[in-house]
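Novice: Submitted below is the structure of interest, expressed as structure tokens.
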Amino acid sequence: MAVNELVLVGLAACYVALFWWAFRVLPGEGWQFLAAVPLTKRPDGQWVGLNLTYYGAFTASAVVIAVAWSVVLMSSVGVSLSGILMLAAILLGACVPSAKGLARLIEGKANTFTVGGASMFGLLLLPWVVAVMNVGLGASGADSLPMTAVLAVVSIAYAFGEGTGRLACLSFGCCYGAPLEQSHRWLSTLFARHHAA
């Protein structure tokens, strides 16, 4: 078996194991809050804190996984690490604030982010960022980024990041779902035992 097939089988095995564990464990009540950071103490002795959620941890992990895949795959087609990291920094620098702004604009929610909005914004922005970077890289005498390869790599990396990031929804609940008691009886029966569709 060649190295490529071994990597593919190993990756598939890791994701099967991860999702098998996640679908069974993450919907449990204990998988919502990762930690609470105490901020101030009230006069009555109670603490006011900042909740850190598994939702945030899984979402951040998904971003790291997507960037890691981008580094591995773009390196395999000869893109320099500095070019990859510059592209990632520009895209994340644009997409993270847009996730907040689009959630406020489209959904009317002030305290959330929209992953879908940020990813769509990033995918629309990507070719333009690569084109501008290529102008700058060409002027400095550095190798340009191969547009088709970069678009393909980011699509693959996005799929891995998005798939992994959806584990956050299992731990914290669906942002757009409805309580089972408000759903049709057949849906309530189905999802009383199965937490993922």
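Following the order of the structure tokens, first chain is A, next is B, and so on, with residues numbered from 1 inside each chain and ligands from 1 in the order they appear.
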Can you list every residue in stretch 21-190 of chain A that DSSP puts in strand (DSSP E), as a list in words?
Specialist: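 Listing strand (DSSP E) positions across stretch 21-190 of chain A yields Phe33, Leu34, Ala35, Ala36, Val37, Pro38, Leu39, Thr40, Lys41, Trp47, Val48, Gly49, Leu50, Asn51, Leu52 and Thr53 of chain A.
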Novice: Within 8 Å of A:Ala149, counting only C-alpha atoms, which residues qualify if same-chain residues fewer than 4 places away don't, as a list in words?
Specialist: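 So the residues in contact are Met74, Val77 and Val153 of chain A.
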Novice: So that I can see what lies close to A:Gly83, please list as a PDB file with N, CA and C atoms, in the first residue's frame the residues with an atom at most 12 Å from it, counting only C-alpha atoms and leaving out residues fewer than 4 positions away in the same chain.
Specialist:
ATOM      1  N   SER A  70      -4.302  23.423   4.966  1.00  0.00           N
ATOM      2  CA  SER A  70      -3.838  24.371   3.947  1.00  0.00           C
ATOM      3  C   SER A  70      -2.319  24.371   3.852  1.00  0.00           C
ATOM      4  N   VAL A  71      -1.658  24.357   4.998  1.00  0.00           N
ATOM      5  CA  VAL A  71      -0.190  24.343   5.010  1.00  0.00           C
ATOM      6  C   VAL A  71       0.334  23.073   4.341  1.00  0.00           C
ATOM      7  N   MET A  74      -0.841  23.053   0.408  1.00  0.00           N
ATOM      8  CA  MET A  74      -0.182  24.077  -0.418  1.00  0.00           C
ATOM      9  C   MET A  74       1.321  23.851  -0.480  1.00  0.00           C
ATOM     10  N   SER A  75       1.897  23.356   0.611  1.00  0.00           N
ATOM     11  CA  SER A  75       3.332  23.032   0.585  1.00  0.00           C
ATOM     12  C   SER A  75       3.616  21.942  -0.439  1.00  0.00           C
ATOM     13  N   GLY A  78       4.318  23.375  -3.730  1.00  0.00           N
ATOM     14  CA  GLY A  78       5.440  24.293  -3.814  1.00  0.00           C
ATOM     15  C   GLY A  78       5.209  25.703  -3.304  1.00  0.00           C
ATOM     16  N   VAL A  79       4.107  25.952  -2.610  1.00  0.00           N
ATOM     17  CA  VAL A  79       3.866  27.292  -2.065  1.00  0.00           C
ATOM     18  C   VAL A  79       4.692  27.441  -0.786  1.00  0.00           C
ATOM     19  N   LEU A  87      -1.475  34.409   3.521  1.00  0.00           N
ATOM     20  CA  LEU A  87      -2.825  34.222   2.987  1.00  0.00           C
ATOM     21  C   LEU A  87      -3.806  33.875   4.103  1.00  0.00           C
ATOM     22  N   ALA A  88      -3.400  32.969   4.994  1.00  0.00           N
ATOM     23  CA  ALA A  88      -4.273  32.582   6.109  1.00  0.00           C
ATOM     24  C   ALA A  88      -4.558  33.772   7.019  1.00  0.00           C
ATOM     25  N   ALA A  89      -3.534  34.567   7.312  1.00  0.00           N
ATOM     26  CA  ALA A  89      -3.724  35.729   8.191  1.00  0.00           C
ATOM     27  C   ALA A  89      -4.672  36.749   7.561  1.00  0.00           C
ATOM     28  N   ILE A  90      -4.513  36.993   6.269  1.00  0.00           N
ATOM     29  CA  ILE A  90      -5.397  37.955   5.590  1.00  0.00           C
ATOM     30  C   ILE A  90      -6.835  37.451   5.590  1.00  0.00           C
ATOM     31  N   VAL A 129      -7.886  38.148  -3.069  1.00  0.00           N
ATOM     32  CA  VAL A 129      -6.719  38.228  -2.188  1.00  0.00           C
ATOM     33  C   VAL A 129      -5.512  37.586  -2.864  1.00  0.00           C
ATOM     34  N   VAL A 130      -5.719  36.420  -3.474  1.00  0.00           N
ATOM     35  CA  VAL A 130      -4.615  35.745  -4.170  1.00  0.00           C
ATOM     36  C   VAL A 130      -4.097  36.619  -5.314  1.00  0.00           C
ATOM     37  N   MET A 133      -2.129  39.468  -3.787  1.00  0.00           N
ATOM     38  CA  MET A 133      -0.870  38.940  -3.252  1.00  0.00           C
ATOM     39  C   MET A 133       0.109  38.623  -4.378  1.00  0.00           C
ATOM     40  N   ASN A 134      -0.395  38.085  -5.483  1.00  0.00           N
ATOM     41  CA  ASN A 134       0.484  37.748  -6.611  1.00  0.00           C
ATOM     42  C   ASN A 134       1.128  38.988  -7.217  1.00  0.00           C
ATOM     43  N   GLY A 136       1.904  41.713  -5.496  1.00  0.00           N
ATOM     44  CA  GLY A 136       2.949  42.064  -4.539  1.00  0.00           C
ATOM     45  C   GLY A 136       4.114  41.093  -4.563  1.00  0.00           C
ATOM     46  N   LEU A 137       3.817  39.795  -4.650  1.00  0.00           N
ATOM     47  CA  LEU A 137       4.886  38.794  -4.699  1.00  0.00           C
ATOM     48  C   LEU A 137       5.705  38.932  -5.981  1.00  0.00           C
ATOM     49  N   ALA A 142       9.326  37.289  -5.701  1.00  0.00           N
ATOM     50  CA  ALA A 142       8.985  35.987  -5.112  1.00  0.00           C
ATOM     51  C   ALA A 142       8.038  35.226  -6.040  1.00  0.00           C
ATOM     52  N   ASP A 143       7.935  33.933  -5.808  1.00  0.00           N
ATOM     53  CA  ASP A 143       7.025  33.105  -6.605  1.00  0.00           C
ATOM     54  C   ASP A 143       5.580  33.463  -6.288  1.00  0.00           C
ATOM     55  N   SER A 144       4.757  33.474  -7.328  1.00  0.00           N
ATOM     56  CA  SER A 144       3.336  33.779  -7.123  1.00  0.00           C
ATOM     57  C   SER A 144       2.602  32.530  -6.641  1.00  0.00           C
ATOM     58  N   LEU A 145       1.415  32.747  -6.103  1.00  0.00           N
ATOM     59  CA  LEU A 145       0.574  31.646  -5.637  1.00  0.00           C
ATOM     60  C   LEU A 145      -0.203  31.078  -6.828  1.00  0.00           C
ATOM     61  N   PRO A 146      -0.181  29.756  -7.020  1.00  0.00           N
ATOM     62  CA  PRO A 146      -0.944  29.167  -8.125  1.00  0.00           C
ATOM     63  C   PRO A 146      -2.442  29.225  -7.814  1.00  0.00           C
ATOM     64  N   VAL A 150      -4.500  26.935  -5.099  1.00  0.00           N
ATOM     65  CA  VAL A 150      -4.921  27.578  -3.850  1.00  0.00           C
ATOM     66  C   VAL A 150      -6.425  27.434  -3.655  1.00  0.00           C
TER      67      VAL A 150
END
Novice: Excluding A:Tyr55 and residues on its chain fewer than 6 positions from it, collect all residues at most 12 Å away from it, counting only C-alpha atoms, and give them as a list in words.
Specialist: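 Here the answer would be Leu26, Pro27, Trp31, Gln32, Phe33, Leu34, Ala35, Ser61, Ala62, Thr112, Phe113, Thr164, Gly165, Arg166, Leu167, Ala168, Cys169, Leu170, Ser171, Phe172, Gly173, Cys174 and Cys175 of chain A.
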Novice: List every residue of stretch 7-177 of chain A that DSSP, applied to the backbone of this structure, places in alpha helix (DSSP H), and write the result as a ChimeraX atom specification.
Specialist: /A:7-25,54-76,81-102,115-139,147-165,167-172
Novice: Of the candidates A:Ile156, A:Pro38, A:Glu107, A:Gly163, which shows the shortest atom-to-atom distance to A:Tyr15, using only C-alpha atoms?
Specialist: A:Gly163
Novice: Would you pick out the contacts of A:Ala66 at 6 Å or less, using only C-alpha atoms, so that residues sharing its chain but fewer than 4 positions from it are not included, and give the list as an MDAnalysis selection string?
Specialist: chainID A and resid 157:158 161
